[in-house]
>>> print(open('model-v3.tsv').read())   # TSV, N, CA and C atoms
chain	number	residue	atom	x	y	z
C	1	MET	N	0.10	29.50	-8.90
C	1	MET	CA	-0.14	28.07	-8.83
C	1	MET	C	0.34	27.57	-7.47
C	2	PRO	N	-0.51	26.92	-6.70
C	2	PRO	CA	-0.07	26.34	-5.43
C	2	PRO	C	0.80	25.11	-5.71
C	3	ARG	N	1.39	24.57	-4.65
C	3	ARG	CA	2.22	23.38	-4.87
C	3	ARG	C	1.36	22.28	-5.46
C	4	GLN	N	1.97	21.50	-6.33
C	4	GLN	CA	1.25	20.44	-7.04
C	4	GLN	C	1.95	19.12	-6.81
C	5	GLN	N	1.18	18.10	-6.42
C	5	GLN	CA	1.73	16.77	-6.22
C	5	GLN	C	2.03	16.13	-7.57
C	6	ILE	N	3.20	15.54	-7.69
C	6	ILE	CA	3.60	14.82	-8.90
C	6	ILE	C	3.55	13.34	-8.58
C	7	LYS	N	2.79	12.60	-9.38
C	7	LYS	CA	2.69	11.15	-9.22
C	7	LYS	C	2.99	10.50	-10.56
C	8	THR	N	3.47	9.28	-10.50
C	8	THR	CA	3.69	8.51	-11.71
C	8	THR	C	3.44	7.04	-11.41
C	9	ASN	N	2.91	6.34	-12.39
C	9	ASN	CA	2.68	4.90	-12.21
C	9	ASN	C	3.97	4.11	-12.37
C	10	LYS	N	5.09	4.80	-12.60
C	10	LYS	CA	6.39	4.14	-12.71
C	10	LYS	C	7.07	4.01	-11.35
C	11	LEU	N	6.42	4.52	-10.29
C	11	LEU	CA	6.92	4.40	-8.92
C	11	LEU	C	5.87	3.71	-8.07
C	12	VAL	N	6.28	3.10	-6.98
C	12	VAL	CA	5.37	2.40	-6.08
C	12	VAL	C	4.31	3.36	-5.54
C	13	ASP	N	3.10	2.85	-5.32
C	13	ASP	CA	2.04	3.67	-4.74
C	13	ASP	C	2.47	4.23	-3.39
C	14	LEU	N	1.97	5.40	-3.10
C	14	LEU	CA	2.31	6.07	-1.84
C	14	LEU	C	1.50	5.48	-0.70
C	15	SER	N	2.18	5.04	0.35
C	15	SER	CA	1.47	4.50	1.51
C	15	SER	C	1.58	5.41	2.71
C	16	ALA	N	2.50	6.35	2.67
C	16	ALA	CA	2.70	7.28	3.78
C	16	ALA	C	2.29	8.68	3.30
C	17	HIS	N	2.40	9.65	4.19
C	17	HIS	CA	1.98	11.01	3.86
C	17	HIS	C	3.15	11.78	3.26
C	18	TYR	N	3.38	11.56	1.96
C	18	TYR	CA	4.40	12.28	1.22
C	18	TYR	C	4.06	12.21	-0.26
C	19	SER	N	4.74	13.01	-1.05
C	19	SER	CA	4.60	12.99	-2.51
C	19	SER	C	5.89	12.49	-3.13
C	20	HIS	N	5.79	11.83	-4.30
C	20	HIS	CA	7.00	11.46	-5.02
C	20	HIS	C	7.80	12.71	-5.34
C	21	ALA	N	7.10	13.73	-5.75
C	21	ALA	CA	7.72	15.02	-6.07
C	21	ALA	C	6.65	16.09	-5.90
C	22	VAL	N	7.10	17.33	-5.76
C	22	VAL	CA	6.19	18.46	-5.62
C	22	VAL	C	6.68	19.56	-6.55
C	23	ALA	N	5.76	20.07	-7.37
C	23	ALA	CA	6.08	21.22	-8.22
C	23	ALA	C	5.61	22.48	-7.51
C	24	VAL	N	6.48	23.49	-7.51
C	24	VAL	CA	6.20	24.75	-6.81
C	24	VAL	C	6.53	25.89	-7.76
C	25	PRO	N	5.70	26.92	-7.77
C	25	PRO	CA	6.01	28.06	-8.63
C	25	PRO	C	7.40	28.61	-8.31
C	26	ALA	N	8.09	29.11	-9.33
C	26	ALA	CA	9.45	29.60	-9.14
C	26	ALA	C	9.50	30.97	-8.49
C	27	ARG	N	8.42	31.72	-8.52
C	27	ARG	CA	8.42	33.05	-7.92
C	27	ARG	C	8.05	32.93	-6.44
C	28	GLY	N	8.71	33.70	-5.64
C	28	GLY	CA	8.45	33.67	-4.20
C	28	GLY	C	9.76	33.68	-3.45
C	29	VAL	N	9.65	33.50	-2.17
C	29	VAL	CA	10.81	33.50	-1.29
C	29	VAL	C	10.99	32.09	-0.74
C	30	LEU	N	12.19	31.55	-0.88
C	30	LEU	CA	12.49	30.26	-0.28
C	30	LEU	C	12.69	30.45	1.21
C	31	VAL	N	12.05	29.61	2.00
C	31	VAL	CA	12.20	29.64	3.45
C	31	VAL	C	12.73	28.28	3.89
C	32	PHE	N	13.89	28.28	4.53
C	32	PHE	CA	14.51	27.06	5.02
C	32	PHE	C	14.32	27.01	6.53
C	33	ILE	N	13.57	26.05	7.00
C	33	ILE	CA	13.25	25.94	8.42
C	33	ILE	C	14.20	24.93	9.06
C	34	SER	N	14.92	25.38	10.05
C	34	SER	CA	15.89	24.53	10.75
C	34	SER	C	15.21	23.34	11.41
C	35	LEU	N	16.01	22.40	11.84
C	35	LEU	CA	15.52	21.22	12.52
C	35	LEU	C	14.73	21.63	13.76
C	36	MET	N	13.47	21.24	13.79
C	36	MET	CA	12.60	21.54	14.92
C	36	MET	C	12.40	20.28	15.76
C	37	THR	N	12.37	20.49	17.06
C	37	THR	CA	12.15	19.40	18.01
C	37	THR	C	10.86	19.68	18.77
C	38	ALA	N	10.59	18.88	19.77
C	38	ALA	CA	9.36	19.02	20.56
C	38	ALA	C	9.54	19.99	21.73
C	39	ARG	N	10.51	20.86	21.64
C	39	ARG	CA	10.70	21.85	22.70
C	39	ARG	C	9.69	22.98	22.53
C	40	ARG	N	8.93	23.24	23.60
C	40	ARG	CA	7.94	24.32	23.58
C	40	ARG	C	8.63	25.66	23.78
C	41	ALA	N	7.88	26.75	23.60
C	41	ALA	CA	8.42	28.11	23.75
C	41	ALA	C	8.97	28.35	25.16
C	42	ASP	N	8.42	27.64	26.15
C	42	ASP	CA	8.91	27.82	27.53
C	42	ASP	C	10.17	27.00	27.81
C	43	GLY	N	10.66	26.27	26.80
C	43	GLY	CA	11.89	25.49	26.94
C	43	GLY	C	11.68	24.05	27.36
C	44	LYS	N	10.48	23.72	27.79
C	44	LYS	CA	10.20	22.34	28.22
C	44	LYS	C	9.91	21.46	27.00
C	45	ILE	N	10.17	20.17	27.15
C	45	ILE	CA	9.93	19.22	26.07
C	45	ILE	C	8.51	18.68	26.19
C	46	ALA	N	7.77	18.78	25.12
C	46	ALA	CA	6.39	18.27	25.09
C	46	ALA	C	6.41	16.76	24.85
C	47	GLY	N	5.45	16.07	25.44
C	47	GLY	CA	5.20	14.68	25.11
C	47	GLY	C	6.35	13.72	25.34
C	48	ILE	N	7.04	13.84	26.43
C	48	ILE	CA	8.14	12.91	26.70
C	48	ILE	C	7.60	11.48	26.68
C	49	GLY	N	8.20	10.64	25.83
C	49	GLY	CA	7.77	9.26	25.69
C	49	GLY	C	6.58	9.05	24.75
C	50	ASP	N	6.03	10.11	24.16
C	50	ASP	CA	4.85	10.03	23.30
C	50	ASP	C	5.17	10.63	21.94
C	51	VAL	N	5.46	9.78	20.95
C	51	VAL	CA	5.89	10.26	19.64
C	51	VAL	C	4.81	11.07	18.93
C	52	GLU	N	3.53	10.75	19.14
C	52	GLU	CA	2.48	11.53	18.49
C	52	GLU	C	2.41	12.94	19.06
C	53	GLU	N	2.48	13.08	20.37
C	53	GLU	CA	2.46	14.40	20.98
C	53	GLU	C	3.70	15.20	20.59
C	54	GLN	N	4.84	14.54	20.54
C	54	GLN	CA	6.05	15.23	20.10
C	54	GLN	C	5.93	15.68	18.65
C	55	THR	N	5.35	14.84	17.81
C	55	THR	CA	5.17	15.20	16.40
C	55	THR	C	4.26	16.41	16.28
C	56	ARG	N	3.18	16.45	17.05
C	56	ARG	CA	2.30	17.63	17.03
C	56	ARG	C	3.08	18.89	17.41
C	57	GLN	N	3.91	18.80	18.45
C	57	GLN	CA	4.67	19.98	18.88
C	57	GLN	C	5.69	20.38	17.82
C	58	VAL	N	6.37	19.40	17.23
C	58	VAL	CA	7.33	19.69	16.16
C	58	VAL	C	6.62	20.42	15.02
C	59	CYS	N	5.46	19.92	14.62
C	59	CYS	CA	4.71	20.55	13.52
C	59	CYS	C	4.22	21.94	13.91
C	60	GLU	N	3.83	22.12	15.15
C	60	GLU	CA	3.43	23.46	15.60
C	60	GLU	C	4.62	24.40	15.59
C	61	ASN	N	5.80	23.91	15.92
C	61	ASN	CA	7.00	24.73	15.86
C	61	ASN	C	7.31	25.12	14.41
C	62	ILE	N	7.14	24.18	13.50
C	62	ILE	CA	7.31	24.48	12.07
C	62	ILE	C	6.28	25.52	11.64
C	63	ARG	N	5.03	25.35	12.09
C	63	ARG	CA	3.98	26.32	11.76
C	63	ARG	C	4.36	27.72	12.27
C	64	SER	N	4.88	27.80	13.47
C	64	SER	CA	5.29	29.10	14.01
C	64	SER	C	6.37	29.74	13.15
C	65	ALA	N	7.34	28.95	12.71
C	65	ALA	CA	8.43	29.47	11.89
C	65	ALA	C	7.92	29.94	10.53
C	66	ILE	N	7.08	29.13	9.89
C	66	ILE	CA	6.60	29.51	8.55
C	66	ILE	C	5.67	30.71	8.62
C	67	GLU	N	4.85	30.79	9.67
C	67	GLU	CA	3.99	31.96	9.83
C	67	GLU	C	4.81	33.22	10.09
C	68	ALA	N	5.90	33.11	10.84
C	68	ALA	CA	6.77	34.26	11.08
C	68	ALA	C	7.41	34.74	9.78
C	69	ALA	N	7.56	33.83	8.81
C	69	ALA	CA	8.11	34.19	7.50
C	69	ALA	C	7.03	34.66	6.54
C	70	GLY	N	5.78	34.73	7.00
C	70	GLY	CA	4.69	35.20	6.16
C	70	GLY	C	3.97	34.12	5.37
C	71	GLY	N	4.19	32.86	5.72
C	71	GLY	CA	3.58	31.76	4.98
C	71	GLY	C	2.64	30.92	5.83
C	72	THR	N	2.22	29.81	5.25
C	72	THR	CA	1.35	28.85	5.92
C	72	THR	C	1.91	27.45	5.71
C	73	MET	N	1.31	26.49	6.37
C	73	MET	CA	1.73	25.09	6.20
C	73	MET	C	1.56	24.65	4.74
C	74	ALA	N	0.63	25.24	4.01
C	74	ALA	CA	0.41	24.89	2.61
C	74	ALA	C	1.58	25.31	1.72
C	75	ASP	N	2.43	26.21	2.21
C	75	ASP	CA	3.59	26.66	1.44
C	75	ASP	C	4.78	25.72	1.56
C	76	ILE	N	4.71	24.78	2.49
C	76	ILE	CA	5.83	23.87	2.71
C	76	ILE	C	5.84	22.81	1.62
C	77	CYS	N	6.97	22.68	0.94
C	77	CYS	CA	7.06	21.74	-0.18
C	77	CYS	C	7.96	20.54	0.12
C	78	ARG	N	8.77	20.63	1.18
C	78	ARG	CA	9.64	19.50	1.56
C	78	ARG	C	9.80	19.44	3.06
C	79	VAL	N	9.77	18.21	3.58
C	79	VAL	CA	9.96	17.97	5.01
C	79	VAL	C	10.93	16.80	5.16
C	80	ASP	N	11.91	16.97	6.02
C	80	ASP	CA	12.81	15.87	6.38
C	80	ASP	C	12.51	15.48	7.81
C	81	VAL	N	12.24	14.19	8.03
C	81	VAL	CA	11.83	13.67	9.32
C	81	VAL	C	12.91	12.74	9.85
C	82	TYR	N	13.28	12.97	11.10
C	82	TYR	CA	14.30	12.16	11.77
C	82	TYR	C	13.64	11.46	12.95
C	83	LEU	N	13.62	10.13	12.93
C	83	LEU	CA	12.98	9.34	13.97
C	83	LEU	C	14.02	8.55	14.76
C	84	ARG	N	13.82	8.48	16.05
C	84	ARG	CA	14.69	7.62	16.87
C	84	ARG	C	14.33	6.15	16.64
C	85	ASN	N	13.08	5.88	16.22
C	85	ASN	CA	12.62	4.51	16.00
C	85	ASN	C	11.74	4.50	14.76
C	86	MET	N	12.20	3.86	13.69
C	86	MET	CA	11.44	3.80	12.44
C	86	MET	C	10.07	3.15	12.64
C	87	GLY	N	9.93	2.34	13.68
C	87	GLY	CA	8.64	1.73	13.99
C	87	GLY	C	7.57	2.76	14.34
C	88	ASP	N	7.96	4.00	14.62
C	88	ASP	CA	7.01	5.06	14.94
C	88	ASP	C	6.46	5.76	13.70
C	89	SER	N	6.91	5.38	12.51
C	89	SER	CA	6.57	6.14	11.31
C	89	SER	C	5.07	6.21	11.03
C	90	ASP	N	4.31	5.15	11.29
C	90	ASP	CA	2.86	5.20	11.05
C	90	ASP	C	2.19	6.23	11.94
C	91	ARG	N	2.58	6.29	13.21
C	91	ARG	CA	1.99	7.28	14.13
C	91	ARG	C	2.40	8.70	13.77
C	92	VAL	N	3.63	8.86	13.35
C	92	VAL	CA	4.11	10.18	12.93
C	92	VAL	C	3.37	10.62	11.66
C	93	ASN	N	3.20	9.70	10.70
C	93	ASN	CA	2.48	10.03	9.47
C	93	ASN	C	1.04	10.43	9.74
C	94	LYS	N	0.40	9.77	10.70
C	94	LYS	CA	-0.99	10.12	11.04
C	94	LYS	C	-1.08	11.58	11.49
C	95	VAL	N	-0.16	11.99	12.32
C	95	VAL	CA	-0.16	13.38	12.81
C	95	VAL	C	0.20	14.33	11.67
C	96	ARG	N	1.21	13.98	10.88
C	96	ARG	CA	1.61	14.84	9.76
C	96	ARG	C	0.44	15.05	8.81
C	97	GLN	N	-0.30	13.99	8.53
C	97	GLN	CA	-1.42	14.09	7.60
C	97	GLN	C	-2.46	15.09	8.10
C	98	SER	N	-2.69	15.11	9.40
C	98	SER	CA	-3.69	16.02	9.95
C	98	SER	C	-3.21	17.47	9.94
C	99	LEU	N	-1.91	17.70	9.95
C	99	LEU	CA	-1.38	19.07	10.04
C	99	LEU	C	-0.87	19.63	8.72
C	100	PHE	N	-0.38	18.78	7.83
C	100	PHE	CA	0.13	19.27	6.55
C	100	PHE	C	-0.92	19.24	5.45
C	101	GLY	N	-1.92	18.38	5.57
C	101	GLY	CA	-2.98	18.35	4.56
C	101	GLY	C	-2.51	17.84	3.22
C	102	LEU	N	-3.29	18.19	2.18
C	102	LEU	CA	-3.04	17.71	0.83
C	102	LEU	C	-2.78	18.88	-0.10
C	103	PRO	N	-1.98	18.74	-1.11
C	103	PRO	CA	-1.12	17.59	-1.34
C	103	PRO	C	0.01	17.58	-0.33
C	104	PRO	N	0.47	16.40	0.05
C	104	PRO	CA	1.55	16.34	1.04
C	104	PRO	C	2.87	16.81	0.44
C	105	PRO	N	3.74	17.32	1.28
C	105	PRO	CA	5.06	17.73	0.78
C	105	PRO	C	5.92	16.52	0.41
C	106	ALA	N	6.92	16.75	-0.41
C	106	ALA	CA	7.93	15.72	-0.64
C	106	ALA	C	8.65	15.52	0.70
C	107	SER	N	9.04	14.29	0.99
C	107	SER	CA	9.60	14.01	2.31
C	107	SER	C	10.68	12.95	2.27
C	108	THR	N	11.52	13.02	3.29
C	108	THR	CA	12.48	11.99	3.59
C	108	THR	C	12.28	11.61	5.05
C	109	VAL	N	12.28	10.32	5.34
C	109	VAL	CA	12.17	9.86	6.73
C	109	VAL	C	13.34	8.91	6.98
C	110	VAL	N	14.11	9.22	8.01
C	110	VAL	CA	15.25	8.38	8.36
C	110	VAL	C	15.26	8.11	9.85
C	111	GLU	N	15.81	6.97	10.21
C	111	GLU	CA	16.01	6.67	11.62
C	111	GLU	C	17.41	7.13	12.01
C	112	VAL	N	17.49	7.77	13.17
C	112	VAL	CA	18.78	8.25	13.68
C	112	VAL	C	19.02	7.65	15.06
C	113	SER	N	20.26	7.52	15.43
C	113	SER	CA	20.58	6.91	16.72
C	113	SER	C	20.41	7.89	17.87
C	114	ASN	N	20.46	9.20	17.57
C	114	ASN	CA	20.38	10.18	18.64
C	114	ASN	C	19.95	11.52	18.07
C	115	LEU	N	19.31	12.32	18.89
C	115	LEU	CA	18.98	13.70	18.57
C	115	LEU	C	19.58	14.58	19.65
C	116	ALA	N	19.28	15.86	19.66
C	116	ALA	CA	19.90	16.80	20.61
C	116	ALA	C	19.68	16.43	22.07
C	117	SER	N	18.59	15.73	22.35
C	117	SER	CA	18.30	15.23	23.70
C	117	SER	C	17.80	13.81	23.57
C	118	ARG	N	18.14	12.97	24.50
C	118	ARG	CA	17.65	11.58	24.50
C	118	ARG	C	16.13	11.53	24.59
C	119	GLU	N	15.50	12.60	25.09
C	119	GLU	CA	14.04	12.63	25.24
C	119	GLU	C	13.33	12.91	23.93
C	120	PHE	N	14.05	13.43	22.92
C	120	PHE	CA	13.42	13.69	21.62
C	120	PHE	C	13.25	12.39	20.85
C	121	LEU	N	12.04	12.15	20.37
C	121	LEU	CA	11.74	10.96	19.58
C	121	LEU	C	11.65	11.27	18.10
C	122	VAL	N	11.42	12.54	17.76
C	122	VAL	CA	11.24	12.96	16.37
C	122	VAL	C	11.72	14.40	16.23
C	123	ALA	N	12.23	14.71	15.05
C	123	ALA	CA	12.60	16.08	14.71
C	123	ALA	C	12.37	16.25	13.21
C	124	MET	N	12.11	17.48	12.78
C	124	MET	CA	11.85	17.74	11.35
C	124	MET	C	12.44	19.09	10.94
C	125	SER	N	12.88	19.13	9.69
C	125	SER	CA	13.23	20.39	9.06
C	125	SER	C	12.32	20.53	7.83
C	126	ALA	N	12.23	21.74	7.27
C	126	ALA	CA	11.31	21.95	6.16
C	126	ALA	C	11.83	23.03	5.23
C	127	ILE	N	11.32	22.99	4.00
C	127	ILE	CA	11.57	24.03	3.01
C	127	ILE	C	10.23	24.46	2.46
C	128	ALA	N	10.08	25.78	2.31
C	128	ALA	CA	8.82	26.33	1.80
C	128	ALA	C	9.11	27.39	0.74
C	129	VAL	N	8.11	27.66	-0.09
C	129	VAL	CA	8.13	28.80	-0.99
C	129	VAL	C	6.97	29.68	-0.60
C	130	VAL	N	7.29	30.90	-0.16
C	130	VAL	CA	6.26	31.84	0.30
C	130	VAL	C	6.13	32.96	-0.71
>>> encode(input="model-v3.tsv", output="structure tokens")
Amino acid sequence: MPRQQIKTNKLVDLSAHYSHAVAVPARGVLVFISLMTARRADGKIAGIGDVEEQTRQVCENIRSAIEAAGGTMADICRVDVYLRNMGDSDRVNKVRQSLFGLPPPASTVVEVSNLASREFLVAMSAIAVV
């Protein structure tokens, strides 16, 4: 059984790209993906000043990690998103929707005052079952 989105009419309708809850089969390997930033493999930061470009790079970094573990983006069941500016959430969600697909993973989005570099606008960690 692939991950399944859990919805209920007892909670507010979803307006962003996340699920209230996600059911995942119990068999498999849990993969915990560390906080990813917009740093490319060459060490340079992608999309300085552009939260959408940074989000794409962050998601590509997550994709690289999950593929190295033998999985795909569809195996990711939870994503935690850290934004320097909560006002960027709509743009970040647009990119996430194009890369994570449906059903979306369960998610948390929080605004933080700082990340590892002042140039980072977004960072994400993830959990998957492969």
>>> closest_residue(input="model-v3.tsv", among="C:Ile76, C:Met86, C:Ile62, C:Ala69", to="C:Val129", atoms="all atoms listed in the file")
C:Ile76
>>> closest_residue(input="model-v3.tsv", among="C:Ala74, C:Leu102, C:Val58, C:Ile66", to="C:Phe32", atoms="only C-alpha atoms")
C:Ile66
>>> atom_distance(input="model-v3.tsv", atom1="atom CA of C:Val95", atom2="atom CA of C:Leu11")
24.6 Å
>>> atom_distance(input="model-v3.tsv", atom1="atom C of C:Ser98", atom2="atom N of C:Ala116")
24.6 Å
>>> closest_residue(input="model-v3.tsv", among="C:Thr72, C:Gln4, C:Ser19, C:Asn61", to="C:Thr37", atoms="only C-alpha atoms")
C:Asn61
>>> atom_distance(input="model-v3.tsv", atom1="atom CA of C:Leu30", atom2="atom C of C:Val109")
22.6 Å
>>> residues_around(input="model-v3.tsv", residues="C:Val130", least_positions_apart="5", cutoff="7 Å", atoms="only C-alpha atoms", output="ChimeraX atom specification")
/C:28-30,70-71,75
>>> residues_around(input="model-v3.tsv", residues="C:Ala38", least_positions_apart="3", cutoff="12 Å", atoms="only C-alpha atoms", output="ChimeraX atom specification")
/C:35,41-62,115-124
>>> closest_residue(input="model-v3.tsv", among="C:Val112, C:Met36, C:Val12, C:Ala126", to="C:Met73", atoms="only C-alpha atoms")
C:Ala126
>>> axis_aligned_box(input="model-v3.tsv", around="stretch 85-100 of chain C", padding_each_side="5 Å", output="JSON")
{"center_x": 4.7, "center_y": 10.7, "center_z": 10.8, "size_x": 26.8, "size_y": 27.9, "size_z": 20.8}
>>> select_by_dssp(input="model-v3.tsv", residues="chain C", states="alpha helix (DSSP H)", output="number ranges by chain")
C: 51-68, 89-100
>>> closest_residue(input="model-v3.tsv", among="C:Asn93, C:Ser34, C:Arg40, C:Gln5", to="C:Ala65", atoms="only N, CA and C atoms")
C:Ser34
